[in-house]
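*Asks:* Here it is: the structure, laid out below.
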Amino acid sequence: MSCSSDSSKPNANAEGEKPSTEAQDTLSENVTEEPATEGNLAKIVMPDGFKISYYAQKVVNARSMALTPNGTLFVGTRDKGSVYAIVDRNKDNKADEVITIATGLRMPNGVAFRNGSLYVAEIHRILRYDNIEANLKNPPKPVVVYDKFPTEEHHGWKYIAFGPDDKLYVPVGAPCNICLSEKPVYAAINRMNPDGSGLEVFANGVRNTVGFDWHPDTKELWFTDNGRDLMGDNTPPDELNKAPKKGMHFGYPFCHAGDVLDPEFGKGKNCADYTAPVQKLNPHGGTLGMEFYTGTMFPSTYRKQIFIAEHGSWNRTEKIGYQVSLFRTDAQGKTSFMPFAAGWLQNGKEWGRPVDVEVMPDGSMLVSDDMNDAIYRITYSGK
């Protein structure tokens, strides 16, 4: 890989913000280890009528989730190297068992399910476990679907999902904080056929997305993207983007958040040449999983709106994120962005970090947490 990178030392900006000198290393997340108990759930603040409970605990390093039509919840990890299957046999909306179906994998963050098979994304390859639900405690040897993705760990862990076109969407993040690679697979959302053939770039200029979904009506792809580091606490914002067609460019590394030219790669560029985000999100908030709400349990004002998991900042002077947020568009087209479930951050110390969201058939919503090793269930029962 040929890659040009900004090697200048960070300095305070005009507002006096001093970015972390460790910001190049996105694996060095300075989190506070604090035992999380059942009582911590009382700290979560949500709108009236909503309740949060544990769906599953001891799901170590729980990250991305994929639900099967039969109700099995598959969960990937990043640092643990494991993949889990969580089953609720008696259908009481609480997990009966957490089954480890794979270990020793390389950052198997992404999981997706199609036609009885579980797809798992490692850093450099996609694996497929066939007929997996019938063999949870004796999984078959995985089939290697594709093994030619880059091997860099920096932004190398992946969120994957099958789109309405029955193609598997696989992003590859930029292998750096800020750089321009000659290989188009980097800083892009790619897609392939279920058998691994036909790999192509769908969207360019995407620094690092770890969450996306398709609008239930328009079938347009929406995705989150994490902004670059070393430009201060509040610049640039994370992004929520929409890609209705193939071939769009979302700015990285030239322009961030639609109107912030990069100090190195933005020279001679114009932000108007790239697609701006639909919504600017919290800067360095660690914006990860997102999903359209397609259930009926929540009030009608939540339907077809976007829930977003904010993992939380790791290199910001004052921590931000550590919550589930809501991006809403009303009947008149007016948009809003606000916290929905907050409280994993208490007085500057975090006891949990939301990663992904998953809407259940009954309309409840699951939230994974890789710090508290848990899956939460959010329900609505009215005031």
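Each chain in the structure tokens gets a letter, A, B, ..., in the order shown, and its residues are numbered from 1; ligands are numbered from 1 in order too.
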With DSSP run on the backbone, what are the strand (DSSP E) residues within stretch 114-348 of chain A? I'd like them as a PyMOL selection string.
*Replies:* chain A and resi 114+117-121+126-129+143-146+161-162+168-172+179-181+188-192+200-204+212-214+221-225+239-243+248-249+255-256+260-261+279-280+287-292+306-310+323-329+335-342+345-346
*Asks:* For stretch 326-328 of chain A, please output as a PyMOL selection string all residues within 12 Å (counting only C-alpha atoms; exclusion window: fewer than 6 positions along the same chain).
*Replies:* chain A and resi 46-47+222+224+239-241+278-281+287+289-293+300-310+334-342+357
*Asks:* Show me, as a list in words, the residues that have an atom within 9 Å of A:Thr72 when counting only C-alpha atoms, minus same-chain residues fewer than 5 positions from it.
*Replies:*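 The contact residues come out as Ala66, Leu67, Ala85, Ile86, Val87, Asp88 and Glu133 of chain A.
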*Asks:* Please provide as a list in words all residues within 7 Å of A:Leu199, with the sequence filter that same-chain residues fewer than 3 positions apart are discarded (counting only C-alpha atoms).
*Replies:*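 Contacts, with the query itself left out: Asn190, Arg191 and Met192 of chain A.
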*Asks:* Using only N, CA and C atoms, please write the residues we just selected to a file, as a short mmCIF file (atom, residue, chain, number, x, y, z; two decimals), in the first residue's frame.
*Replies:*
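Resulting contents of out.cif:
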data_model
loop_
_atom_site.label_atom_id
_atom_site.label_comp_id
_atom_site.auth_asym_id
_atom_site.auth_seq_id
_atom_site.Cartn_x
_atom_site.Cartn_y
_atom_site.Cartn_z
N ASN A 190 -17.61 -1.54 0.21
CA ASN A 190 -17.56 -2.46 -0.91
C ASN A 190 -18.75 -3.42 -0.82
N ARG A 191 -19.02 -4.10 -1.91
CA ARG A 191 -20.05 -5.12 -1.88
C ARG A 191 -19.66 -6.27 -2.79
N MET A 192 -20.22 -7.45 -2.51
CA MET A 192 -19.90 -8.66 -3.28
C MET A 192 -21.11 -9.55 -3.33
#
*Asks:* Restricting the calculation to only C-alpha atoms: of A:Thr317, A:Ser181, A:Thr379, A:Thr68, which residue gets closest to A:Gly232?
*Replies:* A:Thr317
*Asks:* Fewer than 4 positions away in the same chain doesn't count, so skip those; otherwise give me all residues within 10 Å of A:Val210, counting only C-alpha atoms, as a list in words.
*Replies:* Ser64, Asn109, Gly110, His155, Trp157, Lys158, Tyr159, Ile160, Val170, Pro171, Val172, Gly173, Phe223, Thr224, Asp225, Asn226, Gly286, Thr287, Leu288, Gly289, Met290, Val355 and Asp356 of chain A
*Asks:* Neighbours of A:Gly156 within 8 Å (only C-alpha atoms; same-chain residues fewer than 4 positions away dropped), as a ChimeraX atom specification?
*Replies:* /A:123-124,150-152,172-175
*Asks:* When you count only C-alpha atoms, which of these residues is closest to A:Gly258: A:Ala243, A:Met297, A:Ala112, A:Ala276?
*Replies:* A:Ala276
*Asks:* Of the residues A:Gly295, A:Pro283, A:Gly76, A:Pro194, which is the one nearest to A:Ala62, using only C-alpha atoms?
*Replies:*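 Of A:Gly295, A:Pro283, A:Gly76, A:Pro194, the one nearest A:Ala62 is A:Gly76, counting only C-alpha atoms.
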*Asks:* Tell me which of A:Pro299, A:Gly348, A:Gly363, A:Gly343 sits closest to A:Arg316, counting only C-alpha atoms.
*Replies:*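 Smallest distance to A:Arg316 is found for A:Gly348.
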*Asks:* Pick from A:Glu350, A:Ile126, A:Pro253, A:Thr329: nearest to A:Ala187, with only C-alpha atoms counted?
*Replies:*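 Of the candidates, the smallest distance to A:Ala187 is held by A:Pro253.
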*Asks:* Between atom CA of A:Ala257 and atom CA of A:Asn208, what is the distance in Å, rounded to a tenth?
*Replies:*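 So the answer is 13.0 Å.
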